[in-house]
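Asker: The structure follows.
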Amino acid sequence: MLKKLLIVISFLLFSNVYGQTALIKGKVLNTENQPISGVNISYKKNGTTTDNTGHFEIRIPSDKKVRLSFSHISYQKKQIVFRLKNQEAKKVKIILTPKNENIGEVIIQAKSKKEKEGGIKIGKMNAKVTPGAQGGVENLIKSLPSASGFDEMSSQYMVRGGNFDENQVYINGIEVYRPFFIRSGQQEGLSFVNSDLVQNIYFFPGGFAANSGDKLSSVLDISYIKPQKNSTSFSGSMIGGSLANQFKKGKTSNLLGLRYRNNGLLVKSKNIKVDYHPVFVDVQNLFRYDYNKKLSFEFLGNLSLNLYKYKPLVKIANFGSYGDSKSLVVDYQGQEKDNYKTYFGALKSTYQPTKNTRYTFTTSLYNTQEEEYFDIQGQYSIGTPNSDLSSDNFGEPENLEALGSEINHARNDLDALIGNVGFKFLKIINKKHQVELGAKISFEDIKDRINEWQVIDSAGFSLYPPGQFQIEEPYDLDNAPIVPYQQTRGMNHVLIQRNIAYALWRSNYKVGQHKLWLNAGVRGQVYQITDKIQAQNNNGYVVSPRLLVGLKPNWKKNMEFRLATGLYQQPPFYKEFRSPSGQINEQVKPQKSYIVSLANDWYFDMWERPFKLTSEAYYKYLWDVNPYTLENVRIRYFATNNATAFAYGFESRLNGEFIKGVESWFSLALMKTMENIDHKGYIYRPTDQRFKFAMLFQDYVPRIPNMRMYLNMTYNGGIPTGSPTYADPYKFQFRTNNYFRSDIGMFYILSDKKNKPQWLTKVKYFSFGVEILNMFDVQNSISNMWIRNIYTKQVYRVKNYLTGRIFNVKMNIKL
């Protein structure tokens with residue numbers, strides 16, 4: 001009887017307490033109307049978090065003021081006071097604003113949909129302040145363990161043994177392209193991605209979902225800012241400048257970016273005297289109109305102009321060993337004039353009739369017009385450097401012996417027009433299941449004329465292509481015709497049509513106390529290539545099933561595991577159809593790769609600050625591989641599918657608040673990739689980089705918090721691209737030296753939200769500082785010159801060095 005009485009009393013007490021509460025439920029969104037998961041919602045000691053769709057429910061005491069706090073490590077904290085009646089239920093929508101720390105966001109919690117699917121989220125401020133010769137988003141990507149670059153003036157990068165053409169870039173869900181002809185970083189100019197306009201950055205280093213394209217190596221997914229108010233920002237340095245403007249009025253918003261760059265300061269730091277006049281300019285504009293809450297329109301436009309005028313004068317390089325040092329002197333005549341014009345326009349409409357259904361229509365048009373003209377003659381001599389320490393000419397070349405000369409000629413023109421029409425459909429069935437479908441029609445019209453050759457003269461004798469004539473140089477030269485040492489000639493007109501579709505399914509489950517999510521999808525493409533000159537065509541298709549699995553165990557340690565696997569196929573683009581001779585082989589097939597990777601994310605606190613350790617192991621097996629040679633950033637395909645290959649490796653990245661309030665990270669990667677051409681056996685691929693260490697470190701002076709420091713350091717293993725392009729890799733492979741570079745930036749913030757002098761009251765942000773690029777003045781090289789003496793049969797290897805130490809002054813202003 002007593003037991004029953006206690007049960008009744010307890011029930012009445014519980015009912016009374018429970019009855020004096022009210023319910024608040026709703027959704028937390030960011031400024032782009034996207035749900036935020038993992039938001040902490042608290043009142044005193046009570047609290048909850050938002051789920052994967054941003055929804056939450058929490059009970060609070062009724063008939064009294066209650067202050068609810070909404071906090072997330074990547075967003076500004078918000079507090080709202082509620083006073084509800086007994087048993088009242090209130091539905092709310094909360095908008096959180098992203099943090100905009102001047103020294104860079106700290107992004108630790110991997111809770112978003114894209115991060116669960118293997119994407120690495122990077123703070124946009126890091127892309128603006130990280131020092132580097134190229135700067136921008138790609139400069140930041142190269143500090144991650146998966147990506148590497150060997151020319152600091154280029155924005156291109158290699159991922160897990162793949163080359164530059166195996167990476168895909170999207171801006172606001174629209175695919176963007178790069179120029180075709182670029183052969184060195186100093187020609188490249190500006191990347192398409194404008195870091196002044198960036199809102200979100202996600203990088204997928206392999207094993208990505210079916211909605212992320214048809215490349216083999218990586219996807220860079222970028223979202224531009226959706227303006228909420230009017231503002232203007234400006235940045236300027238000795239290398240270039242940029243202007244960005246945000247405009248918002250009613251249903252209309254506009255985002256404008258202007259950029260100018262001049263690589264003269266960088267090029268003149270090399271060991272070659274030049275007359276160099278580049279002009280790299282681009283304009284980007286993103287216009288948005290919200291017709292109503294369900295329907296919106298966007299237009300993204302880009303105009304880019306790269307004018308490159310390069311006139312080498314003289315090159316002096318010392319090489320050899322300590323006991324046998326030599327000097328090379330090359331006197332140049334002639335010049336190079338390149339012209340790259342790019343036009344891009346894309347129209348995107350989004351219709352969201354309900355919060356669980358979204359339709360997206362996209363159409364885009366891209367046109368690039370490229371000219372590469374040069375006639376450069378170099379006369380080279382070999383001598384010894386002056387070793388007399390007391391001499392005014394110490395280190396200068398002397399006792400010069402003329403060995404010969406070479407002439408490089410090119411008249412290359414390309415006009416490419418690429419159009420796309422696409423459709424995407426997203427349906428959120430419930431909190432656990434989503435389905436996404438997409439289709440796209442693409443056409444490519446490419447006209448190309450390539451005519452380039454090289455003639456090498458050694459002490460009065462024209463050298464012949466290796467292995468073409470069986471003669472004894474220089475005694476038996478009259479028995480063969482005079483031909484260029486290397487020659488590429490072709491006139492091509494190619495049409496390519498592609499029909500692309502994909503479907504994927506996302507789902508979330510609970511397995512006991514553990515959380516499990518799946519992303520299963522398939523992507524397909526049917527394409528047809530037509531060679532208008534040869535009147536030939538060929539068809540091909542790809543089918544690419546992909547599976548991503550994530551698991552969050554209910555352990556004391558906060559960990560997540562990811563498994564990614566699938567069959568990835570890359571349909572050939574125009575460059576892959578063109579052989580080294582300049583002719584088109586329309587029979588080239590898609591390159592195929594089976595990928596499996598296993599990753600672990602461990603979230604923990606150290607020094608009472610948040611940290612994240614990511615570790616990942618992967619394996620790739622490739623077949624129908626199209627081999628290629630790599631010289632600086634220029635790729636020349638064999639236009640065959642006569643190789644198999646593999647790549648495997650391990651990567652680790654530790655990021656967090658090493659210094660309170662700012663994010664830094666350390667990256668480590670080990671990798672091996674090899675290929676088997678024509679069943680001759682496995683040799684190293686041109687991208688076989690065995691190890692990498694990189695760090696991005698940010699700091700400030702505690703007593704002078706407005707004094708900021710940013711350090712970007714990279715140490716890469718060498719890659720086997722140092723051999724002449726005509727050399728048989730099975731007979732001769734030469735690996736470049738290790739690449740080491742450190743860039744540092746030191747800035748003082750004159751005005752920000754916390755510190756605003758009276759004379760800068762109308763300036764939201766103002767910083768001024770200096771960068772030291774390659775601060776240790778390390779002589780890195782990515783290619784070699786091969787100088788031949790026809791009489792002694794000696795061949796000298798002379799490194800082509802990249803940029804030296806440079807001092808750069810920079811400032812940033814926001815109004």
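Chains: A, B, ... in order of the structure tokens. Residues: from 1 per chain. Ligands: from 1, in order shown.
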Write out as a list of chain:residue names each polymer residue whose atoms come within 8 Å of stretch 415-419 of chain A, counting only C-alpha atoms; drop sequence neighbours fewer than 5 positions from it.
Answerer: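 What passes the distance filter is A:Thr363, A:Ser364, A:Leu365, A:Tyr366, A:Asn367, A:Thr368, A:Gln369, A:Glu370, A:Ser442, A:Phe443, A:Glu444, A:Asp445, A:Ile446, A:Lys447, A:Asp448.
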Asker: Residues within 8 Å of A:Phe693, please, as an MDAnalysis selection string. Count only C-alpha atoms; anything in the same chain fewer than 6 positions from it doesn't count.
Answerer: chainID A and resid 145 666:669 714:716
Asker: For the residues in the current selection, export C-alpha atoms as a PDB file, in the first residue's frame.
Answerer:
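In the end it all went to part01.pdb:
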```pdb
ATOM      1  CA  PRO A 145      48.042  16.940 -46.970  1.00  0.00           C
ATOM      2  CA  PHE A 666      50.016  20.803 -39.596  1.00  0.00           C
ATOM      3  CA  SER A 667      49.809  18.382 -42.528  1.00  0.00           C
ATOM      4  CA  LEU A 668      51.718  15.171 -43.243  1.00  0.00           C
ATOM      5  CA  ALA A 669      51.376  12.924 -46.308  1.00  0.00           C
ATOM      6  CA  THR A 714      55.796  23.539 -47.312  1.00  0.00           C
ATOM      7  CA  TYR A 715      58.350  20.753 -47.697  1.00  0.00           C
ATOM      8  CA  ASN A 716      57.682  18.345 -50.592  1.00  0.00           C
TER       9      ASN A 716
END
```
Asker: Could you name the residues that touch A:Asn356 at 7 Å or less, counting only C-alpha atoms, but leaving out those on the same chain fewer than 2 positions away, as an MDAnalysis selection string?
Answerer: chainID A and resid 354 358 427:428
Asker: For stretch 542-552 of chain A, list every protein, DNA or RNA residue within 6 Å, evaluated using only C-alpha atoms, and leave out those in the same chain fewer than 4 positions away; present the list as a VMD selection string.
Answerer: chain A and resid 514 to 525 560 to 568
Asker: Which residues are near stretch 678-692 of chain A? Cut-off 8 Å, only C-alpha atoms, ignore same chain within fewer than 3 positions. Put them as a PyMOL selection string.
Answerer: chain A and resi 145+158+161-163+628-630+642-643+645+667-675+714-721+729-730
Asker: Which residue, A:Pro572, A:Gly320, A:Gly301, A:Gly334, has the smallest gap to A:Gly383 when you use only C-alpha atoms?
Answerer: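 The shortest atom-to-atom distance to A:Gly383 comes from A:Gly320.
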